[in-house]
Every structure is written in structure tokens, then in C-alpha cells.
Amino acid sequence: MGWVLMSGRELNRIEILSKVLDRRMTTTEASGLLAIGPRQVQRPLRRLREDGAAVTRHGLRGRPSNHRLSPGLRDLALALVRETYADFGPTLAAEKLAERDGLHVSRETLRKWMVEDGLWLSRPQRRRFHQPRLRREHLGELVQIDGSDHHWFEDRAPPCTLLVFIDDATSRLMEMRFVPSESTFAYFAALDYHPIAGPAHEELALQARGLVCRFGTMTAVAGIDLDIPRGKIFAIVGPNGAAKTSLLRVLEMLIPSSSAKRPRGMLFGGSIFARTAAFRSGGYTKRSSCPARLRIHFQLHNRR
């Protein structure tokens, strides 16, 4: 007697029927476990009693399916897919095979054939794993900004958001700021004070803060800030009476700044307002404190 291969379902069925033959289980209980009617239990019981456990197997086990497709149909379908529908998915390829070539194959059967032949990748096989991005090489090339909402001060203050600036190359915390909420205005305000944001990251030829010029009760220059990078062309444009000349004269120290606070200015690394007190005391006349290599033209054209 040789080996008899059975599935787990068939073995469970034999066990239940054997309990019925040994009168350890009723027919009604067996029908409930096998999900069949009580009268349908009698036929497998009779076959088990007469011919043994092997007859409980499915009658088509080991035989080809009655609905199988011919081997030549598989080769023909795959050949047409390679030649005509190479960039089609299984669903569209099955529709075109039936519509244009008269080959009626279900999409799932065609999908299985295409996967076996390497013409289609299953969904898990199509997953793409992206390589991690390499860090930037130098400080300041890329600064990542993010906000985190949290009860940072516990019960001592309402919840707020912490804005964090992190340098990508060095993981250095460039700036941290608490704001009421994460908004565009909060990020703009934080960028104003960021050390490498804006023109300050470049080498500046001229930098000035808080330039004010008043003539009596009239304010001509009101709190002007300038950041002019080295090697760039900077133009001051405005109509007549816009105080363009007054601004240039304040920068040249021909007119003292009227600000209550001492203005700050750097020209090629040197302070341009270091001698404001000497100017006001009469130690300076109309000689500019700018280097000789810097020429400021008040009028581009002086023709009538």
C-alpha cells in the first residue's frame, strides 16, 4: 500500500466521520461541523465504511482540470504581449487580446502568466526604495526649518510652537524661537533674525542700520537699513524730493544722522560712523570718510 496524500481539510473530515462511526458523535453534530446537511453525511459515511479513508479525497485530485487552457494558448498570448502589448498591464492586455486577437483569457490568468514569464511585476515587487539623501558639504548650504506644538512651559504658560533651524551639513541648531502658533508670519519674523538668512550671508561691501535724517520737523530719511553685497550694483530710485541725496550724504557723513540711537554702518569691514562725535564737534568738514577707491556720483547726467 502506497502513500495517500491528503489536505488538512480532508483529514479533519475523516476524523469527524470516524467519530460518527464509533458513535462518539451524532450525525447532526457532524453535519454542523462539516457545514453540510444531515442526509449528506450518510454518503461519505457509507464510502468510508466500505472502501476506507482514501475514498474521502476529492475525485479530481491528481487529474488535470476540466477547465484548463491548452498549453499553446499560453505561449501564443505571451508572444502577443511581448510583441504588441509590452507596456500594457494585465487588465488592458487581456482586453486587447480579446478585442483585437480573439484570445479570451481572464486578466488574473494572464497576470499569473506575465509574472511567471517576467513581463509584469507584482505590487510588492514594484515597491521602490529611495536612497537616503546625502548631507550637504558646507555649513549654511541647506537649513531645515520645522515647528513643534507642545506644552513647552507646562501649566505656567499656554501651549506654543517652537521653531527650530537645523543646519543640514553639521546638525547644528542655528536658531530656536517660541511663537504662539506655526504660521507664515512667524517664520518670516524668525528669518529676519536668522544669522545666515538674506544678504548677511554674503560678503557685504556696505551695511547700515537705522539711518535717520531730519530737517527741522520734517523727516527726510526714516530708519533706513542697507545691505549691499560686494560686487553687486545697487541703485536708489525715486522721484525728486524722495531724499535720495540726503541718504547718500548721511552715508558720506556730510550730514549727521538724526537718530536718537547711534547708527551702525560698515564699509568694507570698517565703521563709517566711528567718528560721528568728531564730525559734530567741528573736527570734520565736507570730506567724506569713504575710502578713496569709492566714488559716489550724485548725478549720473549733468547736461542741459
# chains A, B, ... in the order shown; residues from 1 in each chain; ligands from 1
>>> select_by_dssp(residues="range 57-229 of chain A", states="strand (DSSP E or B)", output="JSON, numbers by chain")
{"A": [143, 144, 145, 146, 147, 148, 149, 150, 160, 161, 162, 163, 164, 165, 166, 167, 173, 174, 175, 176, 177, 178, 179, 204, 205, 206, 207, 208, 209, 210, 211, 212, 213, 214, 215, 218, 219, 220, 221, 222, 223, 224, 225, 226, 227, 228, 229]}
>>> residues_around(residues="Arg46 in chain A", least_positions_apart="2", cutoff="12 Å", atoms="only C-alpha atoms", output="PyMOL selection string")
chain A and resi 17-18+20-21+39-44+48-53+55-56
>>> write_last_selection(atoms="N, CA, C and O atoms", output="short mmCIF file (atom, residue, chain, number, x, y, z; two decimals), in the first residue's frame")
data_model
loop_
_atom_site.label_atom_id
_atom_site.label_comp_id
_atom_site.auth_asym_id
_atom_site.auth_seq_id
_atom_site.Cartn_x
_atom_site.Cartn_y
_atom_site.Cartn_z
N LEU A 17 -15.94 11.95 10.67
CA LEU A 17 -16.72 10.78 10.25
C LEU A 17 -16.37 9.54 11.07
O LEU A 17 -17.25 8.70 11.36
N SER A 18 -15.10 9.41 11.46
CA SER A 18 -14.71 8.27 12.29
C SER A 18 -15.39 8.34 13.65
O SER A 18 -15.77 7.29 14.21
N VAL A 20 -18.31 9.58 14.17
CA VAL A 20 -19.70 9.17 13.97
C VAL A 20 -19.80 7.65 13.88
O VAL A 20 -20.73 7.03 14.44
N LEU A 21 -18.85 6.98 13.20
CA LEU A 21 -18.85 5.52 13.11
C LEU A 21 -18.64 4.88 14.46
O LEU A 21 -19.21 3.81 14.75
N ARG A 39 -28.54 14.56 5.96
CA ARG A 39 -28.68 13.47 4.99
C ARG A 39 -27.43 13.34 4.13
O ARG A 39 -27.13 12.24 3.64
N GLN A 40 -26.69 14.47 3.91
CA GLN A 40 -25.48 14.40 3.08
C GLN A 40 -24.33 13.74 3.82
O GLN A 40 -23.34 13.36 3.20
N VAL A 41 -24.44 13.59 5.13
CA VAL A 41 -23.38 12.92 5.88
C VAL A 41 -23.40 11.42 5.63
O VAL A 41 -22.38 10.73 5.75
N GLN A 42 -24.54 10.87 5.24
CA GLN A 42 -24.67 9.42 5.07
C GLN A 42 -23.79 8.88 3.94
O GLN A 42 -23.22 7.79 4.04
N ARG A 43 -23.68 9.65 2.83
CA ARG A 43 -22.89 9.14 1.69
C ARG A 43 -21.41 9.01 2.02
O ARG A 43 -20.81 7.96 1.77
N PRO A 44 -20.72 10.05 2.54
CA PRO A 44 -19.32 9.83 2.91
C PRO A 44 -19.14 8.80 4.02
O PRO A 44 -18.12 8.09 4.04
N LEU A 48 -16.72 5.60 3.51
CA LEU A 48 -15.65 5.38 4.48
C LEU A 48 -15.75 3.99 5.09
O LEU A 48 -14.74 3.30 5.31
N ARG A 49 -16.98 3.53 5.31
CA ARG A 49 -17.17 2.21 5.90
C ARG A 49 -16.82 1.10 4.91
O ARG A 49 -16.26 0.07 5.29
N GLU A 50 -17.09 1.31 3.63
CA GLU A 50 -16.89 0.25 2.64
C GLU A 50 -15.49 0.25 2.04
O GLU A 50 -14.89 -0.81 1.88
N ASP A 51 -14.94 1.40 1.69
CA ASP A 51 -13.68 1.47 0.93
C ASP A 51 -12.52 2.07 1.70
O ASP A 51 -11.41 2.14 1.18
N GLY A 52 -12.73 2.62 2.88
CA GLY A 52 -11.63 3.15 3.66
C GLY A 52 -11.48 4.66 3.50
O GLY A 52 -12.28 5.34 2.84
N ALA A 53 -10.40 5.19 4.11
CA ALA A 53 -10.21 6.63 4.19
C ALA A 53 -9.80 7.25 2.85
O ALA A 53 -10.04 8.44 2.61
N VAL A 55 -11.03 7.02 -0.07
CA VAL A 55 -12.10 7.44 -0.96
C VAL A 55 -12.67 8.80 -0.56
O VAL A 55 -13.49 9.36 -1.30
N THR A 56 -12.29 9.31 0.59
CA THR A 56 -12.80 10.63 1.00
C THR A 56 -12.07 11.77 0.29
O THR A 56 -12.47 12.93 0.41
#
>>> select_by_dssp(residues="range 33-228 of chain A", states="alpha helix (DSSP H)", output="JSON, numbers by chain")
{"A": [33, 34, 42, 43, 44, 45, 46, 47, 48, 49, 50, 51, 71, 72, 73, 74, 75, 76, 77, 78, 79, 80, 81, 82, 83, 90, 91, 92, 93, 94, 95, 96, 97, 98, 99, 100, 107, 108, 109, 110, 111, 112, 113, 114, 115, 116, 184, 185, 186, 187, 188, 189, 190, 191, 192]}
>>> write_last_selection(atoms="C-alpha atoms", output="JSON list (two decimals), in the first residue's frame")
[["chain", "number", "residue", "atom", "x", "y", "z"],
["A", 33, "LEU", "CA", -19.00, 20.74, 11.80],
["A", 34, "LEU", "CA", -18.82, 19.77, 8.11],
["A", 42, "GLN", "CA", -24.67, 9.42, 5.07],
["A", 43, "ARG", "CA", -22.89, 9.14, 1.69],
["A", 44, "PRO", "CA", -19.32, 9.83, 2.91],
["A", 45, "LEU", "CA", -20.05, 7.59, 5.93],
["A", 46, "ARG", "CA", -21.00, 4.73, 3.64],
["A", 47, "ARG", "CA", -17.92, 5.19, 1.43],
["A", 48, "LEU", "CA", -15.65, 5.38, 4.48],
["A", 49, "ARG", "CA", -17.17, 2.21, 5.90],
["A", 50, "GLU", "CA", -16.89, 0.25, 2.64],
["A", 51, "ASP", "CA", -13.68, 1.47, 0.93],
["A", 71, "PRO", "CA", -0.57, 24.92, -23.42],
["A", 72, "GLY", "CA", -0.36, 26.51, -26.86],
["A", 73, "LEU", "CA", -2.75, 29.29, -25.82],
["A", 74, "ARG", "CA", -0.36, 30.39, -23.08],
["A", 75, "ASP", "CA", 2.60, 30.62, -25.46],
["A", 76, "LEU", "CA", 0.54, 32.49, -28.07],
["A", 77, "ALA", "CA", -0.81, 35.00, -25.55],
["A", 78, "LEU", "CA", 2.63, 35.73, -24.11],
["A", 79, "ALA", "CA", 4.12, 36.12, -27.60],
["A", 80, "LEU", "CA", 1.47, 38.69, -28.50],
["A", 81, "VAL", "CA", 2.02, 40.54, -25.24],
["A", 82, "ARG", "CA", 5.78, 40.75, -25.91],
["A", 83, "GLU", "CA", 5.35, 41.99, -29.45],
["A", 90, "PRO", "CA", -2.58, 42.54, -17.37],
["A", 91, "THR", "CA", -6.09, 44.06, -17.35],
["A", 92, "LEU", "CA", -5.64, 46.16, -20.50],
["A", 93, "ALA", "CA", -3.64, 43.42, -22.24],
["A", 94, "ALA", "CA", -6.44, 40.88, -21.60],
["A", 95, "GLU", "CA", -8.99, 43.32, -23.06],
["A", 96, "LYS", "CA", -6.90, 43.94, -26.18],
["A", 97, "LEU", "CA", -6.22, 40.22, -26.68],
["A", 98, "ALA", "CA", -9.95, 39.54, -26.69],
["A", 99, "GLU", "CA", -10.83, 42.61, -28.78],
["A", 100, "ARG", "CA", -8.13, 42.52, -31.47],
["A", 107, "ARG", "CA", -6.99, 39.01, -16.54],
["A", 108, "GLU", "CA", -5.89, 37.05, -13.47],
["A", 109, "THR", "CA", -4.73, 34.12, -15.60],
["A", 110, "LEU", "CA", -2.84, 36.50, -17.87],
["A", 111, "ARG", "CA", -1.41, 38.27, -14.82],
["A", 112, "LYS", "CA", -0.07, 34.95, -13.49],
["A", 113, "TRP", "CA", 1.46, 34.08, -16.86],
["A", 114, "MET", "CA", 3.08, 37.51, -17.21],
["A", 115, "VAL", "CA", 4.53, 37.34, -13.69],
["A", 116, "GLU", "CA", 5.92, 33.86, -14.32],
["A", 184, "THR", "CA", 3.87, 82.20, 7.73],
["A", 185, "PHE", "CA", 4.31, 85.42, 9.68],
["A", 186, "ALA", "CA", 6.07, 83.56, 12.49],
["A", 187, "TYR", "CA", 8.55, 82.09, 10.00],
["A", 188, "PHE", "CA", 9.11, 85.48, 8.38],
["A", 189, "ALA", "CA", 9.82, 87.04, 11.78],
["A", 190, "ALA", "CA", 12.26, 84.26, 12.62],
["A", 191, "LEU", "CA", 14.04, 84.64, 9.27],
["A", 192, "ASP", "CA", 14.64, 88.32, 9.97]]
>>> closest_residue(among="A:Thr217, A:Asn66, A:Ser122, A:Gln144", to="Gly89 in chain A", atoms="only C-alpha atoms")
A:Ser122
>>> atom_distance(atom1="CA of Ala35 in chain A", atom2="CA of Arg13 in chain A")
10.7 Å
>>> atom_distance(atom1="CA of His104 in chain A", atom2="CA of Pro64 in chain A")
20.1 Å
>>> residues_around(residues="Glu141 in chain A", least_positions_apart="6", cutoff="10 Å", atoms="only C-alpha atoms", output="list in words")
Arg135, Asp167, Asp168, Ala169 and Ile196 of chain A
>>> atom_distance(atom1="CA of Thr170 in chain A", atom2="CA of Ser148 in chain A")
20.9 Å
>>> decode(residues="range 70-166 of chain A", atoms="C-alpha atoms", output="PDB file, in the first residue's frame")
ATOM      1  CA  SER A  70      -4.353  24.472 -23.794  1.00  0.00           C
ATOM      2  CA  PRO A  71      -0.568  24.915 -23.421  1.00  0.00           C
ATOM      3  CA  GLY A  72      -0.359  26.509 -26.863  1.00  0.00           C
ATOM      4  CA  LEU A  73      -2.748  29.292 -25.824  1.00  0.00           C
ATOM      5  CA  ARG A  74      -0.362  30.394 -23.076  1.00  0.00           C
ATOM      6  CA  ASP A  75       2.599  30.620 -25.462  1.00  0.00           C
ATOM      7  CA  LEU A  76       0.541  32.494 -28.066  1.00  0.00           C
ATOM      8  CA  ALA A  77      -0.809  35.002 -25.554  1.00  0.00           C
ATOM      9  CA  LEU A  78       2.631  35.728 -24.114  1.00  0.00           C
ATOM     10  CA  ALA A  79       4.120  36.119 -27.597  1.00  0.00           C
ATOM     11  CA  LEU A  80       1.466  38.691 -28.500  1.00  0.00           C
ATOM     12  CA  VAL A  81       2.020  40.539 -25.236  1.00  0.00           C
ATOM     13  CA  ARG A  82       5.775  40.755 -25.907  1.00  0.00           C
ATOM     14  CA  GLU A  83       5.345  41.994 -29.452  1.00  0.00           C
ATOM     15  CA  THR A  84       2.328  44.300 -29.199  1.00  0.00           C
ATOM     16  CA  TYR A  85       1.394  44.925 -25.583  1.00  0.00           C
ATOM     17  CA  ALA A  86       4.753  45.002 -23.830  1.00  0.00           C
ATOM     18  CA  ASP A  87       3.938  48.190 -21.911  1.00  0.00           C
ATOM     19  CA  PHE A  88       0.361  47.153 -21.039  1.00  0.00           C
ATOM     20  CA  GLY A  89      -0.824  45.923 -17.676  1.00  0.00           C
ATOM     21  CA  PRO A  90      -2.578  42.544 -17.370  1.00  0.00           C
ATOM     22  CA  THR A  91      -6.085  44.060 -17.354  1.00  0.00           C
ATOM     23  CA  LEU A  92      -5.641  46.161 -20.504  1.00  0.00           C
ATOM     24  CA  ALA A  93      -3.642  43.418 -22.244  1.00  0.00           C
ATOM     25  CA  ALA A  94      -6.438  40.879 -21.605  1.00  0.00           C
ATOM     26  CA  GLU A  95      -8.991  43.316 -23.057  1.00  0.00           C
ATOM     27  CA  LYS A  96      -6.902  43.936 -26.180  1.00  0.00           C
ATOM     28  CA  LEU A  97      -6.221  40.216 -26.680  1.00  0.00           C
ATOM     29  CA  ALA A  98      -9.952  39.538 -26.695  1.00  0.00           C
ATOM     30  CA  GLU A  99     -10.826  42.612 -28.784  1.00  0.00           C
ATOM     31  CA  ARG A 100      -8.130  42.515 -31.472  1.00  0.00           C
ATOM     32  CA  ASP A 101      -6.761  38.962 -31.426  1.00  0.00           C
ATOM     33  CA  GLY A 102      -9.767  36.881 -30.386  1.00  0.00           C
ATOM     34  CA  LEU A 103      -7.955  35.289 -27.410  1.00  0.00           C
ATOM     35  CA  HIS A 104     -10.247  35.173 -24.384  1.00  0.00           C
ATOM     36  CA  VAL A 105      -8.094  34.875 -21.271  1.00  0.00           C
ATOM     37  CA  SER A 106      -9.069  36.166 -17.867  1.00  0.00           C
ATOM     38  CA  ARG A 107      -6.989  39.015 -16.544  1.00  0.00           C
ATOM     39  CA  GLU A 108      -5.891  37.049 -13.471  1.00  0.00           C
ATOM     40  CA  THR A 109      -4.728  34.117 -15.597  1.00  0.00           C
ATOM     41  CA  LEU A 110      -2.843  36.498 -17.865  1.00  0.00           C
ATOM     42  CA  ARG A 111      -1.414  38.269 -14.821  1.00  0.00           C
ATOM     43  CA  LYS A 112      -0.068  34.946 -13.491  1.00  0.00           C
ATOM     44  CA  TRP A 113       1.458  34.084 -16.860  1.00  0.00           C
ATOM     45  CA  MET A 114       3.080  37.511 -17.210  1.00  0.00           C
ATOM     46  CA  VAL A 115       4.533  37.341 -13.690  1.00  0.00           C
ATOM     47  CA  GLU A 116       5.922  33.859 -14.323  1.00  0.00           C
ATOM     48  CA  ASP A 117       7.468  34.998 -17.599  1.00  0.00           C
ATOM     49  CA  GLY A 118       8.909  38.230 -16.152  1.00  0.00           C
ATOM     50  CA  LEU A 119       6.666  40.558 -18.145  1.00  0.00           C
ATOM     51  CA  TRP A 120       4.902  42.016 -15.098  1.00  0.00           C
ATOM     52  CA  LEU A 121       5.884  42.776 -11.530  1.00  0.00           C
ATOM     53  CA  SER A 122       3.500  42.276  -8.655  1.00  0.00           C
ATOM     54  CA  ARG A 123       2.718  45.187  -6.351  1.00  0.00           C
ATOM     55  CA  PRO A 124       5.273  44.170  -3.676  1.00  0.00           C
ATOM     56  CA  GLN A 125       7.913  43.794  -6.400  1.00  0.00           C
ATOM     57  CA  ARG A 126       7.150  47.294  -7.731  1.00  0.00           C
ATOM     58  CA  ARG A 127       7.940  48.959  -4.421  1.00  0.00           C
ATOM     59  CA  ARG A 128      10.739  51.485  -4.793  1.00  0.00           C
ATOM     60  CA  PHE A 129      13.192  52.110  -2.023  1.00  0.00           C
ATOM     61  CA  HIS A 130      14.659  55.585  -2.279  1.00  0.00           C
ATOM     62  CA  GLN A 131      18.272  56.059  -1.363  1.00  0.00           C
ATOM     63  CA  PRO A 132      18.832  58.422   1.570  1.00  0.00           C
ATOM     64  CA  ARG A 133      19.855  61.905   0.544  1.00  0.00           C
ATOM     65  CA  LEU A 134      23.456  62.773   1.299  1.00  0.00           C
ATOM     66  CA  ARG A 135      24.117  65.702   3.576  1.00  0.00           C
ATOM     67  CA  ARG A 136      25.339  68.987   2.188  1.00  0.00           C
ATOM     68  CA  GLU A 137      29.066  69.579   2.351  1.00  0.00           C
ATOM     69  CA  HIS A 138      29.275  73.038   3.907  1.00  0.00           C
ATOM     70  CA  LEU A 139      27.642  74.950   6.700  1.00  0.00           C
ATOM     71  CA  GLY A 140      24.756  77.115   5.545  1.00  0.00           C
ATOM     72  CA  GLU A 141      24.088  75.380   2.210  1.00  0.00           C
ATOM     73  CA  LEU A 142      20.798  73.983   3.490  1.00  0.00           C
ATOM     74  CA  VAL A 143      18.981  74.938   6.676  1.00  0.00           C
ATOM     75  CA  GLN A 144      15.927  72.855   7.557  1.00  0.00           C
ATOM     76  CA  ILE A 145      13.111  74.573   9.426  1.00  0.00           C
ATOM     77  CA  ASP A 146      10.296  72.943  11.336  1.00  0.00           C
ATOM     78  CA  GLY A 147       7.850  73.745  14.103  1.00  0.00           C
ATOM     79  CA  SER A 148       6.714  71.652  17.073  1.00  0.00           C
ATOM     80  CA  ASP A 149       3.495  72.335  19.008  1.00  0.00           C
ATOM     81  CA  HIS A 150       3.756  71.351  22.664  1.00  0.00           C
ATOM     82  CA  HIS A 151       3.074  72.441  26.233  1.00  0.00           C
ATOM     83  CA  TRP A 152       6.648  73.652  26.487  1.00  0.00           C
ATOM     84  CA  PHE A 153       6.089  75.600  29.710  1.00  0.00           C
ATOM     85  CA  GLU A 154       3.697  73.043  31.254  1.00  0.00           C
ATOM     86  CA  ASP A 155       0.973  74.885  33.195  1.00  0.00           C
ATOM     87  CA  ARG A 156       2.966  78.093  33.546  1.00  0.00           C
ATOM     88  CA  ALA A 157       2.002  79.359  30.084  1.00  0.00           C
ATOM     89  CA  PRO A 158      -0.372  78.422  27.257  1.00  0.00           C
ATOM     90  CA  PRO A 159       0.773  75.970  24.557  1.00  0.00           C
ATOM     91  CA  CYS A 160       3.103  77.405  21.946  1.00  0.00           C
ATOM     92  CA  THR A 161       5.217  76.366  18.984  1.00  0.00           C
ATOM     93  CA  LEU A 162       8.988  76.007  18.910  1.00  0.00           C
ATOM     94  CA  LEU A 163      10.561  76.925  15.553  1.00  0.00           C
ATOM     95  CA  VAL A 164      13.895  75.197  15.029  1.00  0.00           C
ATOM     96  CA  PHE A 165      16.543  75.948  12.383  1.00  0.00           C
ATOM     97  CA  ILE A 166      18.918  72.985  11.845  1.00  0.00           C
TER      98      ILE A 166
END
